[in-house]
Amino acid sequence: MTDMAAPLHTDSELGAEDRRLELEQARRLAERYRLEFVDMDTFRIDQELFRSIPADLMLRYGFVPYRREGPDLKTLAIVVSDPTDLPMIDELGVLLATPIKVTVGPRSAIESILKKSESSQRVLEDATEGFQLTLLKEDENAEDNLTVERLTSDISPIIRLVDSTIYTAIQRRASDIHIETQDDAVHVKYRIDGVLQPAMRPIAKQFHSSIISRIKVMAELDIAEKRVPQDGRFKLRMPGKTIDFRVSIMPSVHGEDAVVRILDKEALSEQFTELSLDILGFPQAELKRFRKYIAEPYGMVLVTGPTGSGKTTTLYAALSEIKSIEDKIITIEDPVEYQLRGITQIPINEKKGLTFARGLRSILRHDPDKIMVGEIRDNETAQIAINSALTGHLVFTTVHANNVLDVLGRFLNMGVEAYQFVSALNCVLAQRLVRVICAHCKRPVKVSRLLLEESALDPTLQDRHTFYEGVGCIECNGTGYKGRLAICELLDLTDKIRELILEKRPTSEIKKAARDDGMRFLRESAVERVLDGVTTLREINKVTFVE
């Protein structure tokens, strides 16, 4: 849950006031020279036009191609920030061998579009076109620095293709790169905001083994072994930061598939300096109750949800809110994905025998006040964690379950005694992530009665309420969504709920009692986000059950 809705690139770099002044200046320039002013906020890229112009020219001269004009469409309209630089415009006309028509736009917006479209997508598409195989000669520092200059240099095309794919993934905020082999081609996809999107046109099947071999070399895996799964990791230096990658190779019917997980620790560390529960998007009522439980002197705070639902980020946010120099906080995780200052963090190493259970036993001898256990997977870890909560420690942990009530059954199935579990537990928070409608292309839409009925909502809302969707723009890569936020349900372990669990009453009865106590369920939280215009019905129907 690391990609919360981000502000515009230009806003973050210049500040709102500087951006307003820059816009004014661009408008005045356009007016003075009687040129067209282009509003870059609503600018739609013509991908074909982008592909027809060399990547390095756009970077070097700082322009964006706008459209073809004239009776025979020979004239190229471009957006520049300085229309008075006539030598540059003349030189560009000669290099492109075409008449140039100038329009005006703000410099930072042009740079932002070049960064997102040209230096990432464009370089990637260059790398995928018509390359020939050459021998892979690896050198120790081959993958040390990843820059646009490296991607456009004369290195092995396969290396350039893989580097470009990774570079683009980072630019587009992807969390994973999927390389899938099918009978006729290799498909590369990015997971952005939790959803897979094609990264490029399919690549010819003949290049498949070279691409996988390159990834294996980077992750120091066995190139000759193609029949068993392999896992590895590598690091890349980009300008200003180092990024970690985890690689998983899996044999399939048509060959090997690869998934590369991107762990941009430094980008997240910057967020985590300011990380608090407020920025995760929880509703105020649940937030207030959750804050009460994380401030308790002891007990267990349990966060649950499927893989990739932001559980770890929620726990980090909770820890960053309660940490103080008076308390010793120790975490044990698999792996330690993001580093927090002032907290002792221990990575699991099962090959060397450091499991959650063994690490947790050692932690308790280190005199901690608060403990975070990355995940409870077995009876031994569950037992030690619960005993820790009962002996005066505040324990934060996660468990895989679909909702707060499934957690109860999960622990009981692990062989934990109900009375111990109930005594230790302060609260259970179940959460999901939903994509947020892109602020730049958000528009009111008419929702069909059928969709409302399928979503178990009142069909008359079609006329009584305004719903929103994103139409797709440069900022959201045409998806209509940018960033994610959390929806949640929070179960308080009240005396009444504790008694029902100890009496082993049916889940439906516990659910009814929780509702009577004022608990709001995941679906209700999700519907509220739609009615507030934050997300869409289709999105919440994907991540929550229609009740």
# chains A, B, ... in the order shown; residues from 1 in each chain; ligands from 1
$ residues_around --residues "segment 186-201 of chain A" --least-positions-apart "3" --cutoff "8 Å" --atoms "only C-alpha atoms" --output "ChimeraX atom specification"
/A:3,124-125,165,169,172-182,204-205,208,308,435,482-484
$ write_last_selection --atoms "N, CA, C and O atoms" --output "JSON list (two decimals), in the first residue's frame"
[["chain", "number", "residue", "atom", "x", "y", "z"],
["A", 3, "ASP", "N", 1.67, 3.08, -2.77],
["A", 3, "ASP", "CA", 1.45, 4.13, -3.73],
["A", 3, "ASP", "C", 0.17, 4.84, -3.45],
["A", 3, "ASP", "O", -0.79, 4.60, -4.10],
["A", 124, "LEU", "N", 11.59, 2.20, -24.04],
["A", 124, "LEU", "CA", 11.22, 0.78, -23.96],
["A", 124, "LEU", "C", 10.81, 0.26, -25.33],
["A", 124, "LEU", "O", 11.23, -0.80, -25.75],
["A", 125, "GLU", "N", 10.00, 1.04, -26.06],
["A", 125, "GLU", "CA", 9.53, 0.58, -27.36],
["A", 125, "GLU", "C", 10.69, 0.52, -28.36],
["A", 125, "GLU", "O", 10.75, -0.37, -29.20],
["A", 165, "THR", "N", 12.91, -2.28, -19.54],
["A", 165, "THR", "CA", 11.68, -2.77, -18.92],
["A", 165, "THR", "C", 11.66, -2.40, -17.44],
["A", 165, "THR", "O", 10.65, -1.94, -16.90],
["A", 169, "ALA", "N", 9.26, 0.39, -15.52],
["A", 169, "ALA", "CA", 8.44, -0.07, -14.39],
["A", 169, "ALA", "C", 8.58, 0.89, -13.20],
["A", 169, "ALA", "O", 7.59, 1.23, -12.54],
["A", 172, "ARG", "N", 6.80, 4.13, -13.86],
["A", 172, "ARG", "CA", 5.34, 4.04, -13.85],
["A", 172, "ARG", "C", 4.78, 3.54, -12.51],
["A", 172, "ARG", "O", 3.62, 3.17, -12.41],
["A", 173, "ARG", "N", 5.63, 3.51, -11.47],
["A", 173, "ARG", "CA", 5.23, 3.14, -10.11],
["A", 173, "ARG", "C", 4.76, 1.69, -10.01],
["A", 173, "ARG", "O", 3.91, 1.35, -9.20],
["A", 174, "ALA", "N", 5.32, 0.81, -10.83],
["A", 174, "ALA", "CA", 4.90, -0.60, -10.78],
["A", 174, "ALA", "C", 5.48, -1.27, -9.54],
["A", 174, "ALA", "O", 6.57, -0.92, -9.09],
["A", 175, "SER", "N", 4.74, -2.23, -8.99],
["A", 175, "SER", "CA", 5.26, -2.98, -7.84],
["A", 175, "SER", "C", 5.88, -4.30, -8.30],
["A", 175, "SER", "O", 6.73, -4.85, -7.61],
["A", 176, "ASP", "N", 5.46, -4.82, -9.47],
["A", 176, "ASP", "CA", 5.99, -6.08, -9.99],
["A", 176, "ASP", "C", 6.07, -6.03, -11.51],
["A", 176, "ASP", "O", 5.28, -5.34, -12.15],
["A", 177, "ILE", "N", 7.04, -6.80, -12.05],
["A", 177, "ILE", "CA", 7.13, -7.00, -13.50],
["A", 177, "ILE", "C", 6.87, -8.49, -13.74],
["A", 177, "ILE", "O", 7.53, -9.34, -13.14],
["A", 178, "HIS", "N", 5.90, -8.81, -14.60],
["A", 178, "HIS", "CA", 5.59, -10.21, -14.93],
["A", 178, "HIS", "C", 6.06, -10.49, -16.36],
["A", 178, "HIS", "O", 5.67, -9.77, -17.28],
["A", 179, "ILE", "N", 6.89, -11.51, -16.52],
["A", 179, "ILE", "CA", 7.31, -11.94, -17.87],
["A", 179, "ILE", "C", 6.70, -13.32, -18.08],
["A", 179, "ILE", "O", 7.09, -14.30, -17.44],
["A", 180, "GLU", "N", 5.68, -13.36, -18.94],
["A", 180, "GLU", "CA", 4.89, -14.59, -19.13],
["A", 180, "GLU", "C", 5.15, -15.16, -20.52],
["A", 180, "GLU", "O", 5.04, -14.45, -21.52],
["A", 181, "THR", "N", 5.45, -16.46, -20.58],
["A", 181, "THR", "CA", 5.72, -17.13, -21.84],
["A", 181, "THR", "C", 4.47, -17.85, -22.32],
["A", 181, "THR", "O", 3.88, -18.62, -21.57],
["A", 182, "GLN", "N", 4.08, -17.57, -23.56],
["A", 182, "GLN", "CA", 2.96, -18.31, -24.15],
["A", 182, "GLN", "C", 3.46, -19.03, -25.40],
["A", 182, "GLN", "O", 4.63, -18.93, -25.74],
["A", 204, "ALA", "N", 8.83, -11.64, -29.70],
["A", 204, "ALA", "CA", 8.92, -12.94, -30.39],
["A", 204, "ALA", "C", 9.45, -14.01, -29.45],
["A", 204, "ALA", "O", 10.37, -13.76, -28.65],
["A", 205, "LYS", "N", 8.89, -15.20, -29.55],
["A", 205, "LYS", "CA", 9.22, -16.31, -28.64],
["A", 205, "LYS", "C", 10.71, -16.68, -28.68],
["A", 205, "LYS", "O", 11.28, -17.14, -27.70],
["A", 208, "HIS", "N", 12.88, -15.46, -25.86],
["A", 208, "HIS", "CA", 12.45, -15.76, -24.48],
["A", 208, "HIS", "C", 13.60, -16.22, -23.58],
["A", 208, "HIS", "O", 13.83, -15.69, -22.50],
["A", 308, "GLY", "N", -0.81, -8.36, -0.42],
["A", 308, "GLY", "CA", -0.85, -7.10, -1.17],
["A", 308, "GLY", "C", -1.98, -6.18, -0.77],
["A", 308, "GLY", "O", -2.36, -5.29, -1.53],
["A", 435, "ARG", "N", -8.46, 1.27, -5.78],
["A", 435, "ARG", "CA", -7.82, 2.32, -6.58],
["A", 435, "ARG", "C", -8.64, 3.62, -6.52],
["A", 435, "ARG", "O", -9.87, 3.58, -6.50],
["A", 482, "LYS", "N", -5.39, 6.55, -10.14],
["A", 482, "LYS", "CA", -4.01, 6.86, -9.74],
["A", 482, "LYS", "C", -3.89, 6.77, -8.23],
["A", 482, "LYS", "O", -4.52, 7.53, -7.51],
["A", 483, "GLY", "N", -3.09, 5.81, -7.77],
["A", 483, "GLY", "CA", -2.93, 5.62, -6.32],
["A", 483, "GLY", "C", -4.03, 4.75, -5.73],
["A", 483, "GLY", "O", -5.01, 4.43, -6.40],
["A", 484, "ARG", "N", -3.82, 4.35, -4.48],
["A", 484, "ARG", "CA", -4.82, 3.52, -3.79],
["A", 484, "ARG", "C", -5.00, 4.00, -2.36],
["A", 484, "ARG", "O", -4.13, 4.67, -1.81]]
$ select_by_dssp --residues "segment 60-100 of chain A" --states "helix (DSSP H, G or I)" --output "list in words"
Arg60, Tyr61, Leu86, Pro87, Met88, Ile89, Asp90, Glu91, Leu92, Gly93, Val94, Leu95 and Leu96 of chain A
$ atom_distance --atom1 "atom CA of Ile386 of chain A" --atom2 "atom CA of Val301 of chain A"
10.6 Å
$ closest_residue --among "A:Leu23, A:Cys438, A:Cys488, A:Ile223" --to "Val534 of chain A" --atoms "only C-alpha atoms"
A:Cys438
$ atom_distance --atom1 "atom CA of Asn477 of chain A" --atom2 "atom CA of Arg261 of chain A"
20.4 Å
$ residues_around --residues "His440 of chain A" --least-positions-apart "3" --cutoff "12 Å" --atoms "only C-alpha atoms" --output "list in words"
Ala5, Ala6, Pro7, Leu8, Met40, Asp41, Thr42, Phe43, Arg44, Val436, Ile437, Arg443, Glu469, Gly470, Val471, Gly472, Cys473, Ile474, Glu475, Cys476, Asn477, Gly478, Thr479, Gly480, Tyr481 and Lys482 of chain A
$ closest_residue --among "A:Cys441, A:Ile332, A:Ile348, A:Val447" --to "Val395 of chain A" --atoms "only C-alpha atoms"
A:Ile332
$ residues_around --residues "segment 460-466 of chain A" --least-positions-apart "6" --cutoff "9 Å" --atoms "only C-alpha atoms" --output "list in words"
Pro444, Val445, Lys446, Val447, Ser448, Arg449, Leu452, Leu531 and Gly533 of chain A
$ atom_distance --atom1 "atom CA of Val527 of chain A" --atom2 "atom CA of Ser276 of chain A"
24.2 Å
$ residues_around --residues "Leu360 of chain A" --least-positions-apart "3" --cutoff "8 Å" --atoms "only C-alpha atoms" --output "MDAnalysis selection string"
chainID A and resid 332 356:357 363:364 373 381 384:385
$ write_last_selection --atoms "C-alpha atoms" --output "mmCIF file, in the first residue's frame"
data_model
loop_
_atom_site.group_PDB
_atom_site.id
_atom_site.type_symbol
_atom_site.label_atom_id
_atom_site.label_comp_id
_atom_site.auth_asym_id
_atom_site.auth_seq_id
_atom_site.Cartn_x
_atom_site.Cartn_y
_atom_site.Cartn_z
ATOM 1 C CA ILE A 332 10.779 -9.580 12.934
ATOM 2 C CA PHE A 356 9.537 -16.452 13.220
ATOM 3 C CA ALA A 357 9.203 -18.681 16.308
ATOM 4 C CA ILE A 363 13.325 -10.952 20.926
ATOM 5 C CA LEU A 364 11.632 -11.554 24.283
ATOM 6 C CA VAL A 373 5.725 -10.032 14.005
ATOM 7 C CA THR A 381 4.584 -18.544 16.387
ATOM 8 C CA ILE A 384 4.594 -17.315 21.540
ATOM 9 C CA ALA A 385 2.947 -14.139 20.183
#
$ closest_residue --among "A:Gln431, A:Ser213, A:Ser156, A:Thr307" --to "Pro283 of chain A" --atoms "only C-alpha atoms"
A:Gln431
$ residues_around --residues "Lys74 of chain A" --least-positions-apart "2" --cutoff "12 Å" --atoms "only C-alpha atoms" --output "PyMOL selection string"
chain A and resi 67-72+76-77+93+96-101
